[in-house]
Structure formats: structure tokens, C-alpha cells
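The structure file final-v4.txt is reproduced below (compact mmCIF, C-alpha atoms).
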# COMPACT_ATOMS: atom_id res chain seq x y z
CA MET A 440 50.67 28.11 221.66
CA GLU A 441 50.46 24.57 222.96
CA ASN A 442 50.40 21.48 220.80
CA ASN A 443 47.86 19.20 222.52
CA ALA A 444 47.82 16.29 220.09
CA SER A 445 50.71 13.83 220.37
CA PHE A 446 51.25 11.95 217.13
CA VAL A 447 51.91 8.26 216.73
CA CYS A 448 53.51 7.65 213.33
CA ASN A 449 53.14 4.15 212.00
CA THR A 450 53.24 2.09 208.83
CA LEU A 451 51.64 -0.97 210.40
CA ASP A 452 48.26 -2.33 209.40
CA MET A 453 45.59 0.39 209.48
CA GLN A 454 43.53 -1.49 212.07
CA GLU A 455 46.47 -1.76 214.44
CA VAL A 456 47.00 1.98 214.23
CA LEU A 457 43.33 2.87 214.65
CA ASN A 458 43.02 0.53 217.62
CA SER A 459 45.97 2.11 219.41
CA ARG A 460 45.39 4.22 222.53
CA SER A 461 46.32 7.36 220.57
CA SER A 462 43.55 6.95 217.98
CA PRO A 463 40.12 8.60 218.31
CA ILE A 464 38.61 5.72 216.28
CA HIS A 465 38.51 2.01 217.06
CA VAL A 466 37.65 -0.75 214.58
CA GLN A 467 35.29 -3.53 215.60
CA ASN A 468 34.57 -6.71 213.65
CA GLY A 469 37.90 -6.05 211.95
CA ASP A 470 38.23 -9.50 210.37
CA SER A 471 35.09 -9.09 208.30
CA ASP A 472 35.48 -8.67 204.54
CA PHE A 473 31.84 -7.59 204.29
CA SER A 474 31.32 -4.90 206.89
CA ARG A 475 33.40 -3.41 209.69
CA PHE A 476 32.21 -1.10 212.43
CA TYR A 477 34.03 2.10 213.42
CA HIS A 478 33.49 3.42 216.94
CA MET A 479 34.51 7.01 217.79
CA ASN A 480 35.52 7.58 221.41
CA VAL A 481 35.61 11.40 221.22
CA PRO A 482 32.94 14.01 220.32
CA PHE A 483 34.52 14.70 216.92
CA GLU A 484 37.52 13.75 214.81
CA LEU A 485 39.20 14.80 211.58
CA THR A 486 40.93 12.44 209.18
CA LEU A 487 42.95 13.98 206.36
CA GLU A 488 44.11 11.61 203.63
CA TYR A 489 46.53 12.54 200.87
CA CYS A 490 47.20 10.23 197.93
CA ASP A 491 50.44 11.16 196.15
CA GLY A 492 49.95 9.28 192.87
CA THR A 493 48.06 6.69 190.85
CA GLU A 494 50.44 3.72 190.85
CA PRO A 495 49.71 0.71 193.12
CA ASP A 496 52.88 1.34 195.13
CA ASP A 497 52.16 5.05 195.69
CA TYR A 498 51.28 5.95 199.24
CA VAL A 499 48.15 7.25 200.90
CA ASN A 500 49.24 9.34 203.89
CA VAL A 501 46.66 9.53 206.67
CA VAL A 502 46.40 11.67 209.80
CA THR A 503 43.50 11.13 212.20
CA MET A 504 43.14 13.66 214.99
CA SER A 505 40.93 15.06 217.69
CA PHE A 506 41.60 17.43 220.61
CA GLU A 507 43.85 15.02 222.56
CA LYS A 508 44.51 12.13 220.20
CA ALA A 509 46.23 11.86 216.84
CA VAL A 510 47.76 9.10 214.73
CA LEU A 511 49.67 9.28 211.47
CA TYR A 512 50.06 6.27 209.21
CA GLN A 513 50.54 5.21 205.59
CA GLU A 514 49.12 2.55 203.33
CA THR A 515 49.78 1.81 199.67
CA LEU A 516 47.22 2.78 197.05
CA SER A 517 46.73 -0.89 196.17
CA MET A 518 45.84 -1.60 199.80
CA LYS A 519 43.53 1.42 200.01
CA ASN A 520 41.70 0.43 196.82
CA ASN A 521 41.25 -3.23 197.79
CA PRO A 522 37.71 -3.00 199.15
CA TYR A 523 37.23 -6.59 200.28
CA ALA A 524 40.57 -7.25 201.93
CA GLN A 525 42.62 -4.71 203.86
CA ASN A 526 40.04 -1.93 203.42
CA ALA A 527 36.59 -3.51 203.63
CA PRO A 528 33.34 -1.51 203.63
CA HIS A 529 32.44 -0.12 207.02
CA PHE A 530 29.75 1.74 208.91
CA HIS A 531 30.03 3.73 212.12
CA ASP A 532 28.27 5.15 215.17
CA PHE A 533 28.81 8.77 214.10
CA PHE A 534 27.90 11.07 211.22
CA GLU A 535 30.69 11.38 208.67
CA PHE A 536 31.30 14.16 206.16
CA VAL A 537 33.45 13.09 203.19
CA ILE A 538 34.89 16.27 201.63
CA VAL A 539 37.00 16.10 198.46
CA LEU A 540 39.58 18.89 198.53
CA GLU A 541 41.60 17.82 195.49
CA GLY A 542 41.33 15.21 192.73
CA THR A 543 38.57 12.63 192.27
CA ILE A 544 37.51 9.68 194.41
CA VAL A 545 35.04 6.82 194.12
CA GLN A 546 32.67 6.43 197.02
CA ARG A 547 31.29 2.90 197.12
CA ILE A 548 27.97 3.05 198.98
CA GLU A 549 26.07 -0.17 199.59
CA GLY A 550 27.75 -1.82 196.60
CA GLU A 551 27.29 1.06 194.10
CA ASP A 552 30.09 3.37 192.92
CA TYR A 553 29.71 7.16 192.81
CA LEU A 554 32.27 9.72 191.63
CA TYR A 555 33.13 12.76 193.74
CA SER A 556 35.36 15.54 192.46
CA ALA A 557 37.09 18.45 194.22
CA GLY A 558 34.66 20.75 196.01
CA SER A 559 31.94 18.10 196.38
CA CYS A 560 30.92 16.39 199.60
CA CYS A 561 28.62 13.77 201.06
CA LEU A 562 27.27 13.15 204.54
CA ILE A 563 26.98 9.49 205.53
CA ASN A 564 24.53 8.52 208.26
CA ARG A 565 25.00 5.72 210.80
CA ASN A 566 23.43 2.90 208.82
CA LEU A 567 25.31 2.82 205.50
CA ARG A 568 28.19 0.58 204.46
CA HIS A 569 30.71 2.51 202.43
CA VAL A 570 34.36 2.62 201.44
CA GLU A 571 36.44 5.00 199.30
CA ARG A 572 38.77 4.34 196.37
CA TYR A 573 41.20 6.87 194.93
CA LEU A 574 41.54 7.35 191.18
CA SER A 575 44.10 10.13 191.10
CA LYS A 576 46.36 12.29 193.19
CA CYS A 577 43.86 13.59 195.72
CA GLN A 578 43.24 15.02 199.15
CA VAL A 579 40.16 14.12 201.19
CA LEU A 580 38.93 15.32 204.56
CA TYR A 581 36.70 13.09 206.70
CA ILE A 582 34.91 14.71 209.63
CA GLY A 583 33.27 12.49 212.22
CA LEU A 584 30.66 14.06 214.53
CA SER A 585 29.03 12.11 217.35
CA PRO A 586 25.22 12.34 217.68
CA ALA A 587 25.55 14.14 221.02
CA PHE A 588 28.08 16.65 219.69
CA ILE A 589 26.17 17.57 216.54
CA THR A 590 22.99 17.90 218.61
CA GLU A 591 24.81 20.45 220.78
CA LEU A 592 25.99 22.36 217.70
CA PHE A 593 22.45 22.71 216.41
CA ALA A 594 21.08 23.53 219.87
CA SER A 595 23.49 26.47 220.12
CA ALA A 596 21.40 28.30 217.50
CA GLN A 597 18.51 28.52 219.97
CA ASN A 598 20.39 31.03 222.12
CA ALA A 599 22.38 32.64 219.31
CA PHE A 600 22.96 36.39 219.15
CA PHE A 601 21.79 36.66 215.54
CA PRO A 602 18.32 35.60 214.34
CA SER A 603 19.83 34.53 211.00
CA GLU A 604 21.62 31.67 212.78
CA LYS A 605 18.26 29.94 213.24
CA LYS A 606 17.99 29.49 209.46
CA ILE A 607 20.00 26.30 209.86
CA TYR A 608 16.81 24.67 211.17
CA ASP A 609 15.24 25.11 207.72
CA SER A 610 18.09 23.32 205.92
CA ALA A 611 18.01 19.86 204.39
CA LEU A 612 21.17 19.07 206.37
CA TYR A 613 19.47 19.72 209.71
CA HIS A 614 16.36 17.71 208.77
CA PHE A 615 18.53 14.83 207.53
CA ILE A 616 20.40 14.60 210.83
CA ALA A 617 17.28 15.13 212.95
CA THR A 618 15.54 12.32 211.04
CA ASP A 619 18.47 9.97 211.58
CA LEU A 620 18.57 10.75 215.29
CA GLU A 621 14.90 9.77 215.53
CA ASN A 622 15.05 6.80 213.16
CA LEU A 623 18.42 5.04 213.12
CA GLY A 624 17.31 2.28 210.76
CA GLU A 625 17.09 4.36 207.57
CA ARG A 626 19.84 3.95 204.96
CA ALA A 627 20.47 7.43 203.60
CA TYR A 628 23.10 10.02 202.73
CA LEU A 629 23.28 13.63 201.57
CA ASN A 630 25.06 14.76 198.43
CA PHE A 631 26.47 18.29 198.23
CA ILE A 632 27.26 19.42 194.69
CA PRO A 633 28.61 22.94 194.06
CA VAL A 634 26.18 25.10 192.08
CA TYR A 635 27.37 26.33 188.71
CA GLN A 636 28.27 29.79 190.02
CA ASN A 637 30.29 28.44 192.96
CA LEU A 638 33.75 28.25 191.44
CA GLN A 639 35.56 28.54 194.78
CA SER A 640 34.05 25.56 196.59
CA ALA A 641 37.30 23.58 196.89
CA ALA A 642 39.30 26.68 197.93
CA HIS A 643 36.75 27.58 200.61
CA LEU A 644 36.72 24.02 201.98
CA HIS A 645 40.54 24.06 202.00
CA SER A 646 40.47 27.24 204.09
CA ILE A 647 38.10 25.75 206.69
CA THR A 648 40.20 22.55 206.79
CA GLU A 649 43.43 24.45 207.42
CA SER A 650 41.83 26.50 210.20
CA LEU A 651 40.44 23.38 211.89
CA ILE A 652 43.77 21.56 211.79
CA GLN A 653 45.70 24.63 212.95
CA THR A 654 43.32 25.06 215.89
CA LEU A 655 43.58 21.40 216.88
CA LEU A 656 47.37 21.27 216.68
CA CYS A 657 48.12 24.66 218.23
CA SER A 658 45.38 25.32 220.75
CA GLU A 659 45.04 28.34 223.02
CA PHE A 660 42.31 29.94 225.12
CA GLY A 661 39.05 29.81 223.15
CA ALA A 662 40.14 26.93 220.89
CA SER A 663 37.07 24.87 221.82
CA TYR A 664 34.80 27.71 220.72
CA GLN A 665 36.86 28.19 217.56
CA VAL A 666 36.48 24.53 216.58
CA CYS A 667 32.72 24.65 217.16
CA GLY A 668 32.51 27.91 215.21
CA LEU A 669 34.46 26.50 212.27
CA LEU A 670 32.30 23.38 212.16
CA CYS A 671 29.15 25.54 212.28
CA SER A 672 30.61 27.64 209.46
CA LEU A 673 31.11 24.47 207.42
CA LEU A 674 27.54 23.28 208.07
CA SER A 675 26.19 26.71 207.12
CA TYR A 676 28.27 26.84 203.92
CA LEU A 677 27.16 23.39 202.78
CA SER A 678 23.53 24.22 203.63
CA SER A 679 23.44 27.40 201.54
CA PRO A 680 21.50 27.02 198.23
CA ALA A 681 23.67 29.81 196.86
CA HIS A 682 26.71 27.52 197.18
CA TYR A 683 25.49 23.91 197.02
CA GLN A 684 22.79 21.76 195.58
CA CYS A 685 21.83 19.28 198.29
CA SER A 686 20.27 15.87 197.54
CA ASN A 687 18.83 13.54 200.15
CA ILE A 688 19.37 9.99 198.88
CA ARG A 689 17.34 7.29 200.62
CA LEU A 690 18.39 3.86 199.42
CA ASP A 691 15.22 2.20 200.65
CA LYS A 692 13.04 4.39 198.44
CA ASN A 693 12.73 5.08 194.72
CA SER A 694 14.97 8.08 194.07
CA ASP A 695 14.49 8.32 190.29
CA PHE A 696 12.32 11.43 190.48
CA LEU A 697 14.76 13.08 192.89
CA LEU A 698 17.59 12.43 190.44
CA PHE A 699 15.48 13.79 187.57
CA SER A 700 14.80 16.92 189.63
CA HIS A 701 18.52 17.54 190.05
CA ILE A 702 19.17 16.94 186.35
CA THR A 703 16.50 19.55 185.62
CA GLN A 704 18.00 22.00 188.09
CA LEU A 705 21.45 21.69 186.54
CA PHE A 706 20.00 22.23 183.06
CA GLU A 707 18.18 25.32 184.31
CA GLU A 708 21.33 26.73 185.96
CA ARG A 709 23.35 26.33 182.76
CA ASP A 710 20.66 27.15 180.19
CA GLY A 711 20.79 23.58 178.93
CA ARG A 712 24.47 23.81 178.03
CA ILE A 713 25.97 21.01 180.09
CA THR A 714 27.42 17.86 178.58
CA ARG A 715 26.54 14.37 179.66
CA MET A 716 30.10 13.87 180.90
CA GLU A 717 29.88 17.00 183.06
CA MET A 718 26.55 15.79 184.44
CA GLU A 719 28.15 12.40 185.23
CA GLN A 720 30.86 14.08 187.30
CA LEU A 721 28.39 16.29 189.18
CA LEU A 722 25.70 13.70 189.94
CA HIS A 723 27.93 10.60 190.17
CA TYR A 724 25.87 8.43 187.79
CA SER A 725 26.80 7.04 184.37
CA GLY A 726 25.71 8.96 181.29
CA ASP A 727 23.61 6.06 180.07
CA TYR A 728 21.71 5.92 183.35
CA LEU A 729 21.11 9.70 183.31
CA ASN A 730 19.80 9.39 179.77
CA ARG A 731 17.38 6.64 180.86
CA ILE A 732 16.13 8.78 183.75
CA VAL A 733 15.47 11.76 181.43
CA ASN A 734 13.70 9.53 178.93
CA LYS A 735 11.58 7.97 181.68
CA PHE A 736 10.09 11.32 182.68
CA THR A 737 10.12 13.26 179.39
CA ASP A 738 10.24 10.74 176.49
CA MET A 739 13.23 12.77 175.26
CA CYS A 740 16.90 11.95 175.08
CA PHE A 741 19.42 13.81 177.25
CA TYR A 742 20.46 16.23 174.48
CA ASP A 743 16.93 17.14 173.41
CA TYR A 744 15.83 17.77 176.99
CA GLY A 745 18.81 20.06 177.55
CA MET A 746 18.02 21.91 174.35
CA THR A 747 14.55 22.85 175.66
CA PHE A 748 16.24 24.94 178.36
CA CYS A 749 18.62 26.48 175.87
CA LEU A 750 15.79 27.55 173.55
CA LYS A 751 13.73 28.77 176.51
CA LYS A 752 16.64 31.06 177.44
CA ALA A 753 16.87 32.26 173.84
CA ALA A 754 13.18 33.17 173.86
CA GLN A 755 13.64 35.02 177.13
CA CYS A 756 16.57 37.01 175.74
CA LEU A 757 14.58 37.90 172.62
CA THR A 758 11.78 39.47 174.65
CA GLU A 759 13.71 40.92 177.59
CA THR A 760 16.90 42.28 175.98
CA ASP A 761 17.97 44.28 172.94
CA GLU A 762 20.76 41.84 172.06
CA SER A 763 21.03 40.90 168.41
CA ILE A 764 19.89 37.43 167.42
CA SER A 765 23.45 36.55 166.45
CA ALA A 766 24.74 37.62 169.87
CA ILE A 767 22.06 35.57 171.64
CA ALA A 768 22.92 32.51 169.55
CA ALA A 769 26.62 32.95 170.27
CA ARG A 770 26.01 33.40 174.02
CA LEU A 771 24.12 30.12 174.04
CA LYS A 772 27.05 28.43 172.26
CA PHE A 773 25.46 27.93 168.86
CA THR A 774 28.20 27.99 166.24
CA ASN A 775 25.77 27.60 163.33
CA ARG A 776 23.17 30.37 162.97
CA THR A 777 21.07 28.26 160.56
CA HIS A 778 20.94 25.40 163.06
CA PHE A 779 19.81 27.78 165.78
CA TYR A 780 17.03 29.17 163.57
CA ALA A 781 15.85 25.68 162.63
CA LEU A 782 15.70 24.45 166.23
CA PHE A 783 13.96 27.62 167.42
CA LYS A 784 11.31 27.48 164.71
CA LYS A 785 10.70 23.79 165.38
CA LYS A 786 9.98 24.55 169.05
CA TYR A 787 8.08 27.86 168.78
CA GLY A 788 6.66 27.70 165.26
CA VAL A 789 8.22 31.00 164.20
CA THR A 790 11.72 32.33 163.58
CA PRO A 791 13.57 34.22 166.33
CA LYS A 792 12.92 37.51 164.52
CA GLU A 793 9.22 36.79 164.26
CA TYR A 794 9.09 35.69 167.90
CA ARG A 795 10.65 38.98 169.04
CA LYS A 796 8.19 40.96 166.95
CA LEU A 797 5.20 39.03 168.29
CA HIS A 798 6.23 39.41 171.93
CA SER A 799 7.71 42.91 171.91
Using C-alpha cells, write down the structure from this file.
Amino acid sequence: MENNASFVCNTLDMQEVLNSRSSPIHVQNGDSDFSRFYHMNVPFELTLEYCDGTEPDDYVNVVTMSFEKAVLYQETLSMKNNPYAQNAPHFHDFFEFVIVLEGTIVQRIEGEDYLYSAGSCCLINRNLRHVERYLSKCQVLYIGLSPAFITELFASAQNAFFPSEKKIYDSALYHFIATDLENLGERAYLNFIPVYQNLQSAAHLHSITESLIQTLLCSEFGASYQVCGLLCSLLSYLSSPAHYQCSNIRLDKNSDFLLFSHITQLFEERDGRITRMEMEQLLHYSGDYLNRIVNKFTDMCFYDYGMTFCLKKAAQCLTETDESISAIAARLKFTNRTHFYALFKKKYGVTPKEYRKLHS
């Protein structure tokens, strides 16, 4: 197998490395502390960043590659996390997937910070300023796709062998990109949060990442098709409701109801048993803000709203299963049977035993 990409290894300033002839990305307006512009001179590129610790002097190791170009460089964590000096916010002329493979990062989008943990992802369009900060030992994959290249990927479904391949046209991901291609001025991004049942999201993303890198570094006949196939597999995986909850965030519009809808969906998936801290990590908002959103639409606090889903599940189990009341309470994580009875009666007006008898 042939290694097509020739690496340039460097510890110089990041901009010097990216502006070298071996880099698939060039930085424009590089002196700006407010907003820099990244231009991609290839159809697609991968950037894999690995942060090996949490101390200011720990290193972030970076490899940026495409089919003929690759650069490898390092920067300290203190430099990486300095958003208005060495690593200022930027926007670009391509679509960028930010995929967290390990650890937790902060994505600063238009001045607001959002947490992303392993297995989660976001898709940045061409009109958003953003920059990443690393909070822990982590590994992050960035995939840049030019408008022309991603248009070709989607167009390939038109002549696909399998009718199921056309389902991609019904996805939020496809509509997001199609909208951006038609209307460049909108400031928007997509969030991809693993659903509760998807416990292997990070492992699956790791597998796709390894295959992409292996194909780029050791190409052989059919490698171009393999890369396109792997990227389509990634788009399909992220678009699947069975694997990810997808949120379209438009910064120019009021997204409170959208956020409330995703809070509700997470409560439904977990029968109301999800803590505020867990919700923070999944939706990338502070617990206080999530509580305000719930109160805005329900006049309830976060805990009480979650409990409505828990008690709804209890009622469902009482009428649809033969489980004992104690087993149902335990399954829904009630440690105090008396507390469960009191909450249930307050909501439904009868005890669990009476409810089962009435609805049997």
C-alpha cells in the first residue's frame, strides 16, 4: 500500500504551519483577535487533535490531513485555550463536523460556551464564529467538507443501488446543509446528542475515524470510493434517530421552545429519571438556565417536571404489566415506598393499588 500524504512536523506557530504548502487549510485575516477565516483548498480534510493533560504546559498534538497534504504540529494547552490571542475565534468556507471521541471540550460559539462530551458532535455552518477549549485529556476529530464535495455525496443517493439510501434526504442533517447552500447568511449549527440507548456512540465514531485515517495514509485502488463511503456512513449514523437526537440551533431566532422540546424528549427517554447535571452535559446549557426554560413553559421546576414522566411510566406499568407495585417503584428508582405512594396519589387522586384496580 502506498502512503500518499507526506507529513510536515512542526512546533512553530499554528498559522505558519497551516499556511505551509503541505497544509489543506490556509488562515486568512490571521492577525485578528476577533475573527479569523479558514480557507480549505481541497474537497475535504480531517484534523485529529489529542490533548494529553490538563496543565497549561501539556501539549495538544494536531494532525491535519487530506488525500495529498498533511501537517503535524503541537501547541501548548495554554495556547490552545487562549481564545483571543494565539487561537482566536474563526469561521470558514466549508462545513465542519466537530466530533468528540474522548474527554470533554468547550465549544465557544458566537461568544457562548457549550459543553461537548465523548460521543457527541456538532456541525458548524459557514457563517458562525467558533473556537474550542479543552478541559481534560481528550481527543477530537474535525472533518471539513467543501460545499461542492458534500453536494456530490448527497447527489450519489439519487443513483444508489438501494432505495433505503434515499432516506438521507428526509434527515435534519440534509435539510440543514441544503438550507445553508441556498442561504449563506444564516448563523446556525446542528447538535448531535447520543440517545439514551446509544451507549457505543464514542466507540463507533472511533471506528469510523480509524478507518478514514487508515485509508488516507495507506491508499490503494478504490480508496477514493472508500473515503466517500465512510463519510456517507458517518452522515447516516449521525442522522439516525435510533442513535442521535439532532437539534437545529439558529442563533438569529428564539430557540427556547426547541430547547424545551429536547428537555422533554430526554425526560421521556429516561422516564423522568435524569439529573440536572446529566442534562447539562447532554444539552450544553447550565442547570439554572434549563430550570428557567422548564418553568417558562410548564410553571414547574426541573425536578417536578421530570417527576411527571416518572409517574406516567408508573401508571403505564400498573395497567400494562403484572409487576408488583414495589418492583415498579424500585425500577423507577424510588427508595421510599411511602414517598412513591404519596406522589402518585397527589397526581392521580388514588393510590397505585386503586389505580390498577380501576384500569384493569
Worksheet item: Which of these, A:Glu484, A:Glu708, A:Asp743, A:Asp609, has the shortest distance to Ser675 in chain A once you count only C-alpha atoms?
Response: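 For Ser675 in chain A, the nearest of the given residues is A:Asp609.
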Discussion item. Need the shell around Ile563 in chain A: protein/DNA/RNA residues with any atom at most 7 Å away, counting only C-alpha atoms. Skip same-chain ones fewer than 2 positions apart. Format as a ChimeraX atom specification?
Written reply: /A:534-536,561,565,567,628-629
Worksheet item: From the list A:Pro528, A:Val510, A:Leu644, A:Leu485, which residue is nearest Ser459 in chain A when using all atoms listed in the file?
Response: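 Closest residue, counting all atoms listed in the file: A:Val510.
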Fill in: CA of Ile538 in chain A to CA of Arg626 in chain A, straight-line distance in Å
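Atom-to-atom, CA of Arg626 in chain A to CA of Ile538 in chain A, that is 19.7 Å.
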Discussion item. What's the separation between CA of Ser461 in chain A and CA of Met504 in chain A, in Å to one decimal place?
Written reply: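 The value is 9.0 Å.
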Discussion item. Between CA of Cys749 in chain A and CA of Arg712 in chain A, what distance in Å does the model show, to one decimal?
Written reply: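 Separating CA of Cys749 in chain A from CA of Arg712 in chain A is a distance of 6.8 Å.
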Worksheet item: So which one's closest to Ile702 in chain A, A:Ile632, A:Cys756, A:Leu677, A:Met479? Using only C-alpha atoms, please.
Response: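 Selected residue with least distance to Ile702 in chain A: A:Ile632.
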Fill in: Selected residue of minimal separation from Phe631 in chain A among A:Phe506, A:Phe779, A:His723, A:Ala662, counting all atoms listed in the file
A:His723
Fill in: Leu580 in chain A surroundings by all atoms listed in the file, 7 Å radius, close-in-sequence under 5 positions cut, as a PyMOL selection string
chain A and resi 486-488+537-539
Worksheet entry | Which residue of A:Ala527, A:Leu750, A:Leu511, A:Ile713 approaches Val466 in chain A most closely, using all atoms listed in the file |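 Of A:Ala527, A:Leu750, A:Leu511, A:Ile713, the one nearest Val466 in chain A is A:Ala527, counting all atoms listed in the file.
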Worksheet entry | 10 Å contact set for range 550-560 of chain A, only C-alpha atoms, chain neighbours under 6 positions out, as a count of residues only | 47
Discussion item. Here is a test: counting all atoms listed in the file, which residue of A:Leu584, A:Val502, A:Cys490, A:Leu698 is nearest to Val456 in chain A?
Written reply: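 With all atoms listed in the file as the atom set, the closest residue is A:Val502.
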How big is the axis-aligned box, and where does its centre sit, when it encloses all atoms of range 734-746 of chain A listed in the file and has 5 Å added on every side, reported in Å to one decimal as lines of an AutoDock Vina configuration file?
center_x = 15.3
center_y = 14.9
center_z = 178.0
size_x = 20.4
size_y = 23.9
size_z = 19.3
Practice prompt. Tell me, as an MDAnalysis selection string, which residues lie within 10 Å of Arg460 in chain A, counting only C-alpha atoms; anything in the same chain fewer than 3 positions away does not count.
Written response: chainID A and resid 447 456:457 463:465 508:510
